[in-house]
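Here the structure is laid out as structure tokens; the discussion comes afterwards.
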Amino acid sequence: MADKLTANSKTDTGPAQKPQDSSAPREAHNFENKTNGSPPRKASHPVGFIRQTELVDLVRAYDPGADEDILNRAYIFALKAHGDQTRHSGDPYFSHPLAVAAILTELRADPATVVTALLHDVVEDTDYTISDIQSHFGEEIARLVDGVTKLSRIELRDEASKQAENFRKFVVAMADDVRVLLVKLADRLHNMRTLHYISNPEKRQRISLETMEIYAPLAGRIGVQRFREELEDIAFRELSADAYATISRRLDELHQHSVGGVVELANVLRQKLEAEGLDAQVYSREKRAYSIWRKMQHKNVSFDELADIYAFRVLVDTVQDCYRSLGIIHSSWRMIPSEFDDYISAPKPNNYRSVHTAVVGPPWRDGRRQRIEIQIRTYEMHETAERGVAAHWQYKDAGGHGASVEIVGPKQYDPYETPRRLVEMFQGGEDLEEALQYAKLELFQDQVFCFTPKSRVIALPKGATALDFAYGVHTDVGDQCIGAKINGIQRPLRTLLETGDVVEVLRSENAPVPAEWEIIAVSGRARSAIRRRIKKMQYDEHLALGRSIAESVFIGAHLQFSLKGVRAGLRKLGKKSVEDVLVSIGRGDLPVNDLIEAVYPGASAASEGEIRPASLKEFKPSVAIAGLTPGVSVRMARCCTPLPGERIVGIRGDDGGITVHTIHCEQLARDDPPQSHWLDLKWRDNDSDHLSAFARLIVTVQNGVGVLSEIAGIIARYGISIASMRLQNRSKEFIDIVMDVEVKDARQLTQALAGVRAAPTVLSAERMGIEDDEQL
């Protein structure tokens with residue numbers, strides 16, 4: 001698609017500059033180039049083999065104090081290093097780093113970044129090392145080149161785990177110095193411009209998908225909108241060739257019929273502003289194919305139903321002029337309230353500032369009134385919008401050792417915000433592939449902009465909730481969140497937010513993590529943090545439970561439990577740490593008998609059946625039961641486990657020993673022993689304060705974070721001690737918790753079971769027999 005320009009138009013290739021002579025004629029408008037053909041877009045200067053002096057001149061045009069020597073040396077060094085290497089196109093390979101450097105001069109990147117661009121493939125594709133780079137160009141350049149080199153294999157990975165690991169390295173490197181990201185984005189942009197030279201269609205699709213999911217959103221997050229738009233358009237053309245071709249054809253047709261009307265509208269707008277004494281530039285731009293397709297998908301409309309294919313931009317001197325222009329426009333044409341956004345008073349997190357509005361404009365030549373979008377900004381805001389993060393660097397003479405770079409102003413835009421948020425997602429032992437998906441979710445979504453009570457802007461994905469806002473402020477704020485006030489009114493955490501909402505997060509240091517939080521959260525940052533916290537809580541829960549079980553069982557086996565002993569048995573157990581052992585026991589993955597065997601070989605084989613806690617073995621029920629002959633052997637029936645307070649009977653066995661049952665024991669009814677073997681027994685009333693017995697419970701719960709501690713806490717509130725606990729029949733949805741508890745009487749157990757059943761995560765809680773265990 002050829003560039004569409006009227007006689008008085010110019011291409012939009014860089015920040016608009018205010019004319020020095022205000023009497024000079026102004027360009028009324030321009031149409032931005034669109035990607036179609038080969039290459040998809042031309043830069044504002046040639047990116048082939050531009051001469052050494054030309055590259056230096058490009059840098060010195062915006063940074064007169066730039067170190068010319070280091071630029072010249074880098075040019076020659078890279079040219080010689082790449083030698084006769086060639087690209088898919090057949091061009092000398094050096095044309096690529098040279099093109100990347102030229103692209104960065106369009107952003108007015110500092111000289112160190114331009115030098116890095118020239119050298120960014122030297123270590124990867126030649127015999128030179130980072131040490132060679134450092135010896136020739138210094139520590140700063142070597143560090144930047146090393147950062148880019150480590151990322152060079154992020155592209156074209158088949159295995160998701162490898163791509164996730166490389167992306168983790170990517171975000172860590174750019175969090176260290178965001179200029180690494182600038183070089184990588186320019187590198188990807190030139191590779192996309194020459195993508196058509198790759199013959200393998202699957203490879204082109206893979207590169208395009210990665211560009212759409214990672215690189216284009218990253219460019220948008222750091223404010224380099226021109227990179228984002230071109231990357232999206234080229235990737236869209238590869239991923240959806242038919243849709244791209246259709247929209248491009250419709251744009252061609254629309255242009256043939258609308259160009260005159262667009263020119264007239266731009267002139268009308270300019271004349272209205274001039275009549276009010278405003279010194280302004282006005283120009284128009286045609287939306288790109290991908291932007292149009294995305295809006296068609298989002299609004300579920302056809303191309304013919306879109307009324308904002310063309311947009312106008314007004315550039316003025318001051319902020320006051322921006323609002324004056326807005327007043328003139330709104331007083332001239334009817335504004336559309338839903339399309340108004342003031343990003344001057346509330347800048348986007350990437351420091352984008354403009355006033356956006358839409359109006360029902362004057363009639364076109366055919367008499368139709370067309371809705372038109374208008375952006376109003378100062379020249380300085382326009383430069384920021386065009387150059388993004390690069391607009392926030394200033395250049396200083398570093399005594400001939402290269403240019404140092406720093407952010408202007410202590411309270412200005414922080415270019416490291418996005419990298420830091422992405423790095424956070426890869427911390428805390430997060431699964432890399434899962435973290436990559438969260439990172440894509442964080443990047444590849446449209447945004448809403450909300451505010452803290454202190455007017456800090458928090459950018460969130462569309463559809464985000466108050467819970468997402470809490471994690472958007474800070475991970476600790478999200479972890480401590482118990483509620484939120486939206487515009488001064490307390491609302492549920494699942495409430496959807498809209499641009500302009502003021503959200504106050506209500507916090508508590510002991511805030512729980514309800515299971516539904518994972519469903520409520522929308523942003524990648526919130527989901528990642530919630531998942532990380534859930535895993536930490538599960539780990540701590542299993543660690544404490546595992547240690548409790550292990551200590552109890554060791555005592556029951558009359559063995560000493562010590563962390564030193566467990567550490568000595570790590571190799572036999574195939575574990576890396578004592579914590580791993582205890583967590584495995586707490587999860588039910590490692591039998592305690594295996595731990596005893598690893599620490600005390602042969603001890604578990606000498607035991608009969610499962611090793612039980614000492615308290616179960618040492619319980620002496622005979623001292624609490626009346627009607628027994630002194631010295632007789634007494635055991636509690638495993639089928640019904642009688643408790644103090646229940647009516648009990650004794651059954652004399654052939655060996656003279658007595659087994660105690662409850663009167664309603666089903667096993668007793670089935671066995672139906674002779675009446676001569678029955679003994680009428682009862683619990684001693686005068687020992688009621690000292691009575692205790694063990695019961696086994698089975699509690700079926702929904703699988704979730706904190707269920708073990710919740711059940712254990714309920715049991716403890718009723719003054720009942722847990723002797724042991726284990727998990728069985730585990731599934732993704734449910735878990736059976738089997739626990740042995742020590743109780744005073746049946747009444748205490750009944751009350752505790754009622755309390756457990758009342759818990760929302762509990763499906764059932766019953767007392768059970770212990771037929772599979774050894775005698776007590």
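Please note that chains go A, B, ... in the order of the structure tokens, that every chain numbers its residues from 1, and that ligands are numbered from 1 in the order shown.
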Legend entry - Filtered DSSP result for stretch 636-754 of chain A, state strand (DSSP E or B), as a VMD selection string: chain A and resid 636 648 to 652 658 to 662 678 to 683 693 to 702 721 to 728 734 to 743
Inset, instruction - Find the residue from A:Ala464, A:Ala484, A:Ala241, A:Met725 that sits nearest to A:Ala550; use only C-alpha atoms when measuring. - result: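 Of A:Ala464, A:Ala484, A:Ala241, A:Met725, the one nearest A:Ala550, counting only C-alpha atoms, is A:Met725.
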Inset, instruction - Could you give me, as JSON, numbers by chain, the residues within 10 Å of stretch 559-570 of chain A, counting only C-alpha atoms and dropping anything in the same chain fewer than 3 positions from it? - result: {"A": [547, 550, 551, 552, 553, 554, 555, 556, 573, 574, 575, 576, 577, 578, 579, 580, 581, 582, 594, 595, 596, 597, 598, 599, 600, 601, 603]}
Inset, instruction - Just give me the gap between atom CA of A:His136 and atom CA of A:Val180 in Å, one decimal is fine. - result: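 These atoms are spaced 19.4 Å apart.
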Inset, instruction - Could you jot down the atom CA of A:Val592 to atom CA of A:Arg531 separation for me, Å, one decimal place? - result: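 Pair atom CA of A:Val592 / atom CA of A:Arg531 returns 28.8 Å.
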Inset, instruction - For atom CA of A:Trp683 and atom CA of A:Gly657, quote the distance in Å rounded to one decimal. - result: 17.9 Å
Legend entry - Within 6 Å of stretch 332-340 of chain A using only C-alpha atoms, minus same-chain residues under 6 positions, as a list in words: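 Contacts, in chain order: His356, Thr357, Ala358, Val359, Val360 and Gly361 of chain A.
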Inset, instruction - Excluding A:Phe137 and residues on its chain fewer than 5 positions from it, collect all residues at most 10 Å away from it, counting only C-alpha atoms, and give them as a ChimeraX atom specification. - result: /A:70-71,73-74,112,115-116,131-132,142,401-402
Inset, instruction - Can you pull out every residue within 12 Å of stretch 504-516 of chain A, counting only C-alpha atoms, but drop anything in the same chain fewer than 5 positions away, and send it as number ranges by chain? - result: A: 450-456, 458, 465-474, 476-494, 521, 527, 529-538, 702-707, 709-710, 733, 760-761
